[in-house]
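For reference, the structure discussed in these notes is given below.
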Amino acid sequence: MMSIYTFLGALQAAIWFFFVPHLCKYIWPRLFGPHQADRLTGLAELCLWCGLLPYFVLYLVFVALPPYYLNWHFFERYKISNKEWPWRSGSREVRDRFWKSARRSLMLDVLYLSVGIPILAWIKIIAFGSISFDTGDDWPTYSESANQIMSYVVLHELMFYWIHRAFHKFPSLYRFHKTHHEYKQNNILASQHFSLVDFFFSIALPSIACTIIVRPHSVCHFQAGLWLFTANLDDHLGYAFPWSAVRWFPFAATTEAHEFHHCYNMGCFSSKLNLDAVFGTDMQRRLEARKGLNSP
């Protein structure tokens with residue numbers, strides 16, 4: 001039987017899929033204006049890519065910070081790690097080390113989301129053209145939206161999984177990925193804490209490539225991007241909230257799996273979909289769980 005929290009997660013996903021397109025169809029002409037010229041559609045697409053940083057700030061303020069600082073039992077029972085948060089540590093050295101890392105992470109967040117992604121997106125727009133912002137006959141039906149979004153998400157996850165796995169398998173690549181693993185206990189700041197090389201291949205490249213290959217309508221691009229970025233942030237939240245809009249369905253990758261990945265630096269390479277179950281890379285996690293090590 002579906003729990004109330006699973007229902008809330010599914011309800012959020014239903015609003016995302018069914019209501020957001022109606023809202024966008026109303027907003028698009030008012031926000032971007034008429035787009036007969038390719039240059040203007042390019043600027044409109046660039047605006048969508050630039051929306052990642054404002055969304056990160058909203059997620060940080062309204063989703064991450066309340067449980068981090070309120071310390072309510074209602075939230076803390078969903079905390080994955082048994083370790084205390086470093087900003088609550090009784091050790092000044094631990095607190096100072098965390099805040100030093102936090103400042104660096106915030107700098108990387110702003111740099112990658114406000115500069116890196118827009119530059120790469122603009123190069124993509126110049127080289128491959130922009131996606132459609134037509135709100136008339138070209139506006140996708142629900143079946144077309146489902147096809148475009150699913151194609152985008154599945155392709156993105158396949159690319160992310162194998163790139164992520166490669167960055168762990170080959171020492172020449174892991175030296176770039178180890179920056180991300182400076183966080184042994186996840187919090188939201190770890191979500192964009194990458195070296196430049198790792199960010200390009202693991203985060204930016206799958207998104208840009210999927211836009212080129214799938215060529216979704218702008219509203220489908222917006223919805224897919226919203227889903228993927230939410231899952232990325234949820235991966236590093238440090239809490240496994242059962243009402244998460246990106247974790248309620250059976251084949252979803254879990255936040256606990258990514259926490260395990262950071263804690264033990266092995267297996268669990270998926271982010272949105274449980275490809276570890278398909279390719280056998282969840283076996284290490286199950287083995288460690290049987291040994292009683294599943295509490296990072």
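Chain labels follow the order of the structure tokens: the first chain is A, the next B, and so on; residue numbering restarts at 1 in every chain, and ligands are counted from 1 in their shown order.
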
Give one line per residue of stretch 246-291 of chain A that approaches stretch 178-189 of chain A to at most 10 Å, naming the two atoms of the closest pair and their distance in Å to one decimal, counting only C-alpha atoms; sort by chain then ascending residue number and deliver it as JSON lines.
```
{"residue": "A:Thr255", "atom": "CA", "partner": "A:Asn186", "partner_atom": "CA", "distance": 9.9}
{"residue": "A:His258", "atom": "CA", "partner": "A:Asn186", "partner_atom": "CA", "distance": 8.7}
{"residue": "A:Glu259", "atom": "CA", "partner": "A:Asn186", "partner_atom": "CA", "distance": 6.3}
{"residue": "A:Phe260", "atom": "CA", "partner": "A:Gln185", "partner_atom": "CA", "distance": 9.0}
{"residue": "A:His261", "atom": "CA", "partner": "A:Lys184", "partner_atom": "CA", "distance": 8.8}
{"residue": "A:His262", "atom": "CA", "partner": "A:Lys184", "partner_atom": "CA", "distance": 5.2}
{"residue": "A:Cys263", "atom": "CA", "partner": "A:Lys184", "partner_atom": "CA", "distance": 4.9}
{"residue": "A:Tyr264", "atom": "CA", "partner": "A:Lys184", "partner_atom": "CA", "distance": 8.0}
{"residue": "A:Asn265", "atom": "CA", "partner": "A:His181", "partner_atom": "CA", "distance": 7.6}
```

Can you write out the residues you just picked, keeping N, CA and C atoms, as a CSV table (one decimal), in the first residue's frame?
```csv
chain,number,residue,atom,x,y,z
A,255,THR,N,18.9,8.1,-2.4
A,255,THR,CA,19.8,9.1,-1.7
A,255,THR,C,20.8,8.3,-0.8
A,258,HIS,N,23.8,7.0,-2.8
A,258,HIS,CA,24.9,8.0,-3.1
A,258,HIS,C,25.6,8.4,-1.8
A,259,GLU,N,25.0,8.4,-0.7
A,259,GLU,CA,25.6,8.7,0.6
A,259,GLU,C,26.7,7.5,0.9
A,260,PHE,N,26.3,6.3,0.6
A,260,PHE,CA,27.2,5.2,0.7
A,260,PHE,C,28.4,5.4,-0.2
A,261,HIS,N,28.1,5.8,-1.4
A,261,HIS,CA,29.2,6.0,-2.4
A,261,HIS,C,30.2,7.0,-1.9
A,262,HIS,N,29.8,8.1,-1.3
A,262,HIS,CA,30.7,9.1,-0.8
A,262,HIS,C,31.4,8.6,0.5
A,263,CYS,N,30.7,7.8,1.3
A,263,CYS,CA,31.3,7.3,2.5
A,263,CYS,C,32.4,6.3,2.3
A,264,TYR,N,32.1,5.3,1.3
A,264,TYR,CA,33.1,4.2,1.1
A,264,TYR,C,33.8,4.3,-0.2
A,265,ASN,N,33.4,5.2,-1.1
A,265,ASN,CA,34.1,5.5,-2.3
A,265,ASN,C,34.1,4.2,-3.2
```

- Neighbours of A:Asp138 within 12 Å (only C-alpha atoms; same-chain residues fewer than 4 positions away dropped), as a PyMOL selection string? chain A and resi 25+131-134+144-145+216-220

Go ahead and save the residues from that selection, with N, CA, C and O atoms, as a PDB file, in the first residue's frame.
```
ATOM      1  N   LYS A  25       3.354  27.578 -20.944  1.00  0.00           N
ATOM      2  CA  LYS A  25       2.718  28.055 -22.173  1.00  0.00           C
ATOM      3  C   LYS A  25       2.170  29.463 -22.001  1.00  0.00           C
ATOM      4  O   LYS A  25       2.128  30.252 -22.951  1.00  0.00           O
ATOM      5  N   ILE A 131      16.712  25.279 -29.334  1.00  0.00           N
ATOM      6  CA  ILE A 131      15.490  24.482 -29.259  1.00  0.00           C
ATOM      7  C   ILE A 131      14.270  25.371 -29.513  1.00  0.00           C
ATOM      8  O   ILE A 131      14.376  26.593 -29.523  1.00  0.00           O
ATOM      9  N   SER A 132      13.120  24.757 -29.702  1.00  0.00           N
ATOM     10  CA  SER A 132      11.909  25.495 -30.068  1.00  0.00           C
ATOM     11  C   SER A 132      11.234  26.130 -28.856  1.00  0.00           C
ATOM     12  O   SER A 132      11.128  25.508 -27.795  1.00  0.00           O
ATOM     13  N   PHE A 133      10.781  27.368 -29.043  1.00  0.00           N
ATOM     14  CA  PHE A 133       9.988  28.058 -28.032  1.00  0.00           C
ATOM     15  C   PHE A 133       8.577  28.362 -28.555  1.00  0.00           C
ATOM     16  O   PHE A 133       7.866  29.156 -27.979  1.00  0.00           O
ATOM     17  N   ASP A 134       8.205  27.685 -29.626  1.00  0.00           N
ATOM     18  CA  ASP A 134       6.895  27.897 -30.234  1.00  0.00           C
ATOM     19  C   ASP A 134       5.791  27.449 -29.280  1.00  0.00           C
ATOM     20  O   ASP A 134       5.840  26.351 -28.731  1.00  0.00           O
ATOM     21  N   GLU A 144       4.001  13.358 -26.387  1.00  0.00           N
ATOM     22  CA  GLU A 144       5.269  13.855 -26.927  1.00  0.00           C
ATOM     23  C   GLU A 144       6.188  14.317 -25.808  1.00  0.00           C
ATOM     24  O   GLU A 144       7.408  14.085 -25.849  1.00  0.00           O
ATOM     25  N   SER A 145       5.622  14.962 -24.811  1.00  0.00           N
ATOM     26  CA  SER A 145       6.417  15.397 -23.658  1.00  0.00           C
ATOM     27  C   SER A 145       7.022  14.204 -22.934  1.00  0.00           C
ATOM     28  O   SER A 145       8.205  14.200 -22.590  1.00  0.00           O
ATOM     29  N   PRO A 216      14.794  18.443 -27.493  1.00  0.00           N
ATOM     30  CA  PRO A 216      13.451  18.579 -26.920  1.00  0.00           C
ATOM     31  C   PRO A 216      12.887  19.970 -27.155  1.00  0.00           C
ATOM     32  O   PRO A 216      13.637  20.927 -27.390  1.00  0.00           O
ATOM     33  N   HIS A 217      11.594  20.075 -27.078  1.00  0.00           N
ATOM     34  CA  HIS A 217      10.969  21.399 -27.039  1.00  0.00           C
ATOM     35  C   HIS A 217      11.435  22.081 -25.758  1.00  0.00           C
ATOM     36  O   HIS A 217      11.775  21.424 -24.771  1.00  0.00           O
ATOM     37  N   SER A 218      11.424  23.399 -25.753  1.00  0.00           N
ATOM     38  CA  SER A 218      11.941  24.142 -24.600  1.00  0.00           C
ATOM     39  C   SER A 218      11.237  23.768 -23.300  1.00  0.00           C
ATOM     40  O   SER A 218      11.874  23.698 -22.241  1.00  0.00           O
ATOM     41  N   VAL A 219       9.928  23.506 -23.344  1.00  0.00           N
ATOM     42  CA  VAL A 219       9.220  23.165 -22.105  1.00  0.00           C
ATOM     43  C   VAL A 219       9.656  21.798 -21.599  1.00  0.00           C
ATOM     44  O   VAL A 219       9.791  21.582 -20.385  1.00  0.00           O
ATOM     45  N   CYS A 220       9.929  20.846 -22.512  1.00  0.00           N
ATOM     46  CA  CYS A 220      10.419  19.526 -22.108  1.00  0.00           C
ATOM     47  C   CYS A 220      11.852  19.624 -21.591  1.00  0.00           C
ATOM     48  O   CYS A 220      12.230  18.926 -20.641  1.00  0.00           O
TER      49      CYS A 220
END
```

- What does the distance between atom CA of A:Phe7 and atom CA of A:Thr254 come to in Å, to one decimal place? 16.9 Å

- Task: May I have the residues within 6 Å of stretch 154-165 of chain A as a ChimeraX atom specification, using only C-alpha atoms and disregarding those fewer than 6 positions away in the same chain?
- Result: /A:202,206,269-270

Atoms to include: all heavy atoms. Write the selected residues as a compact mmCIF listing (two decimals), in the first residue's frame.
```
# COMPACT_ATOMS: atom_id res chain seq x y z
N SER A 202 31.30 15.17 -16.18
CA SER A 202 30.26 14.49 -15.41
C SER A 202 28.93 15.24 -15.36
O SER A 202 27.86 14.62 -15.34
CB SER A 202 30.74 14.25 -13.97
OG SER A 202 31.90 13.46 -13.95
N PRO A 206 26.90 15.60 -20.20
CA PRO A 206 25.66 14.84 -20.43
C PRO A 206 24.46 15.74 -20.73
O PRO A 206 23.64 15.42 -21.60
CB PRO A 206 25.47 14.08 -19.11
CG PRO A 206 26.84 13.95 -18.55
CD PRO A 206 27.53 15.23 -18.92
N PHE A 269 27.09 4.10 -8.60
CA PHE A 269 27.46 5.19 -9.49
C PHE A 269 26.24 5.94 -10.05
O PHE A 269 26.41 6.97 -10.69
CB PHE A 269 28.31 4.66 -10.65
CG PHE A 269 29.56 3.97 -10.22
CD1 PHE A 269 29.72 2.61 -10.42
CD2 PHE A 269 30.59 4.67 -9.59
CE1 PHE A 269 30.88 1.95 -10.02
CE2 PHE A 269 31.76 4.03 -9.19
CZ PHE A 269 31.90 2.67 -9.41
N SER A 270 25.05 5.40 -9.86
CA SER A 270 23.85 6.02 -10.41
C SER A 270 23.48 7.28 -9.65
O SER A 270 23.96 7.53 -8.55
CB SER A 270 22.67 5.04 -10.35
OG SER A 270 22.94 3.87 -11.08
```

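Picture a line from atom CA of A:Pro86 to atom CA of A:Trp99; it runs 8.9 Å.
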